[in-house]
>>> print(open('model-v3.pdb').read())   # PDB, C-alpha atoms and all ligand atoms
ATOM      1  CA  MET A   1      43.545  48.549  19.223  1.00  0.00           C
ATOM      2  CA  GLU A   2      45.181  48.983  15.892  1.00  0.00           C
ATOM      3  CA  TYR A   3      48.559  47.564  15.020  1.00  0.00           C
ATOM      4  CA  SER A   4      50.568  48.214  11.900  1.00  0.00           C
ATOM      5  CA  CYS A   5      53.646  46.639  10.438  1.00  0.00           C
ATOM      6  CA  GLN A   6      55.590  47.968   7.487  1.00  0.00           C
ATOM      7  CA  CYS A   7      57.776  45.949   5.148  1.00  0.00           C
ATOM      8  CA  PRO A   8      61.480  46.821   5.216  1.00  0.00           C
ATOM      9  CA  PRO A   9      62.487  49.526   2.691  1.00  0.00           C
ATOM     10  CA  PRO A  10      62.319  49.901  -0.293  1.00  0.00           C
ATOM     11  CA  CYS A  11      58.986  48.140   0.047  1.00  0.00           C
ATOM     12  CA  THR A  12      56.280  50.487   1.293  1.00  0.00           C
ATOM     13  CA  TYR A  13      53.616  47.884   1.939  1.00  0.00           C
ATOM     14  CA  GLU A  14      51.923  48.369   5.274  1.00  0.00           C
ATOM     15  CA  ILE A  15      49.779  45.827   7.037  1.00  0.00           C
ATOM     16  CA  LYS A  16      47.159  47.042   9.472  1.00  0.00           C
ATOM     17  CA  VAL A  17      45.200  44.817  11.803  1.00  0.00           C
ATOM     18  CA  GLU A  18      42.870  45.164  14.738  1.00  0.00           C
ATOM     19  CA  ALA A  19      43.898  43.108  17.764  1.00  0.00           C
ATOM     20  CA  ASN A  20      43.522  43.022  21.531  1.00  0.00           C
ATOM     21  CA  ASN A  21      47.122  42.194  22.386  1.00  0.00           C
ATOM     22  CA  ASP A  22      50.587  41.773  20.888  1.00  0.00           C
ATOM     23  CA  ASP A  23      50.310  38.017  20.329  1.00  0.00           C
ATOM     24  CA  GLU A  24      47.026  38.338  18.495  1.00  0.00           C
ATOM     25  CA  ALA A  25      48.459  41.170  16.410  1.00  0.00           C
ATOM     26  CA  VAL A  26      51.467  39.093  15.349  1.00  0.00           C
ATOM     27  CA  GLU A  27      49.221  36.235  14.229  1.00  0.00           C
ATOM     28  CA  LYS A  28      46.911  38.538  12.295  1.00  0.00           C
ATOM     29  CA  ILE A  29      49.757  40.433  10.640  1.00  0.00           C
ATOM     30  CA  MET A  30      51.342  37.174   9.536  1.00  0.00           C
ATOM     31  CA  GLN A  31      48.074  35.992   8.041  1.00  0.00           C
ATOM     32  CA  ALA A  32      47.361  39.319   6.378  1.00  0.00           C
ATOM     33  CA  GLY A  33      50.884  39.583   5.009  1.00  0.00           C
ATOM     34  CA  ALA A  34      51.208  36.033   3.738  1.00  0.00           C
ATOM     35  CA  THR A  35      49.828  36.837   0.292  1.00  0.00           C
ATOM     36  CA  HIS A  36      51.944  39.959  -0.105  1.00  0.00           C
ATOM     37  CA  ILE A  37      55.109  38.126   0.982  1.00  0.00           C
ATOM     38  CA  LYS A  38      54.405  35.371  -1.548  1.00  0.00           C
ATOM     39  CA  GLU A  39      53.788  37.826  -4.375  1.00  0.00           C
ATOM     40  CA  ALA A  40      56.316  40.562  -3.667  1.00  0.00           C
ATOM     41  CA  HIS A  41      59.023  38.763  -1.719  1.00  0.00           C
ATOM     42  CA  SER A  42      59.054  35.269  -3.128  1.00  0.00           C
ATOM     43  CA  ASP A  43      62.840  35.332  -2.838  1.00  0.00           C
ATOM     44  CA  MET A  44      62.649  36.029   0.875  1.00  0.00           C
ATOM     45  CA  LYS A  45      63.684  32.784   2.458  1.00  0.00           C
ATOM     46  CA  ILE A  46      62.831  33.058   6.095  1.00  0.00           C
ATOM     47  CA  SER A  47      61.179  30.598   8.384  1.00  0.00           C
ATOM     48  CA  GLU A  48      57.886  31.193  10.106  1.00  0.00           C
ATOM     49  CA  GLU A  49      59.750  31.666  13.374  1.00  0.00           C
ATOM     50  CA  GLN A  50      62.030  34.344  11.889  1.00  0.00           C
ATOM     51  CA  MET A  51      59.046  36.029  10.309  1.00  0.00           C
ATOM     52  CA  ARG A  52      57.262  36.035  13.639  1.00  0.00           C
ATOM     53  CA  SER A  53      60.106  37.723  15.502  1.00  0.00           C
ATOM     54  CA  MET A  54      60.565  40.223  12.666  1.00  0.00           C
ATOM     55  CA  VAL A  55      56.900  41.189  12.803  1.00  0.00           C
ATOM     56  CA  ARG A  56      57.047  41.445  16.584  1.00  0.00           C
ATOM     57  CA  SER A  57      59.977  43.850  16.538  1.00  0.00           C
ATOM     58  CA  ASN A  58      58.685  45.913  13.588  1.00  0.00           C
ATOM     59  CA  MET A  59      55.040  46.357  14.427  1.00  0.00           C
ATOM     60  CA  LYS A  60      53.698  49.537  15.931  1.00  0.00           C
ATOM     61  CA  LYS A  61      50.776  50.073  18.221  1.00  0.00           C
ATOM     62  CA  GLY A  62      48.139  52.671  17.557  1.00  0.00           C
ATOM     63  CA  GLY A  63      46.229  53.940  14.576  1.00  0.00           C
ATOM     64  CA  CYS A  64      48.001  57.243  14.060  1.00  0.00           C
ATOM     65  CA  ALA A  65      51.230  57.049  12.119  1.00  0.00           C
ATOM     66  CA  CYS A  66      52.259  60.668  12.682  1.00  0.00           C
ATOM     67  CA  MET A  67      54.160  59.807  15.877  1.00  0.00           C
ATOM     68  CA  ALA A  68      56.154  57.094  14.193  1.00  0.00           C
ATOM     69  CA  LYS A  69      56.782  58.840  10.908  1.00  0.00           C
ATOM     70  CA  LYS A  70      60.361  59.933  10.410  1.00  0.00           C
ATOM     71  CA  ASN A  71      61.231  62.240   7.565  1.00  0.00           C
ATOM     72  CA  PRO A  72      64.963  62.441   7.004  1.00  0.00           C
TER      73      PRO A  72
HETATM   74 ZN    ZN B   1      56.770  44.031   1.055  1.00  0.00          ZN
END
>>> encode(input="model-v3.pdb", output="structure tokens")
Amino acid sequence: MEYSCQCPPPCTYEIKVEANNDDEAVEKIMQAGATHIKEAHSDMKISEEQMRSMVRSNMKKGGCACMAKKNP
């Protein structure tokens, strides 16, 4: 199934991965996002453990974003 994880605002970067479970998704998102984090958030000083828990709490299951989208 598809998982997606969006950077905190104002960054609009979204990482999408295909994984079978939550643990696999976290690993894949961290790998996929590593380059972006280095380039766009080089000042972000968080440990791998912090990053992992942030991804876990931010990521969303499912390919369709319409359910999760919130327009203020
Ligand atoms: Zn970002």
>>> residues_near_ligand(input="model-v3.pdb", ligand="ligand ZN 1 (chain B)", cutoff="6 Å", atoms="only C-alpha atoms and all ligand atoms", output="PyMOL selection string")
chain A and resi 7+11+13+40
>>> closest_residue(input="model-v3.pdb", among="A:Ala32, A:Pro8, A:Val26, A:Lys16", to="Glu49 (chain A)", atoms="all atoms listed in the file")
A:Val26
>>> resolve_selection(input="model-v3.pdb", expression="the PyMOL selection byres (((chain A and resi 25) around 12) and not hetatm)", output="PyMOL selection string")
chain A and resi 1-5+15-24+26-33+52+55-62
>>> atom_distance(input="model-v3.pdb", atom1="CA of Thr12 (chain A)", atom2="CA of Ser47 (chain A)")
21.7 Å
>>> closest_residue(input="model-v3.pdb", among="A:Gln6, A:His41, A:Glu14, A:Ala34", to="Met54 (chain A)", atoms="all atoms listed in the file")
A:Gln6
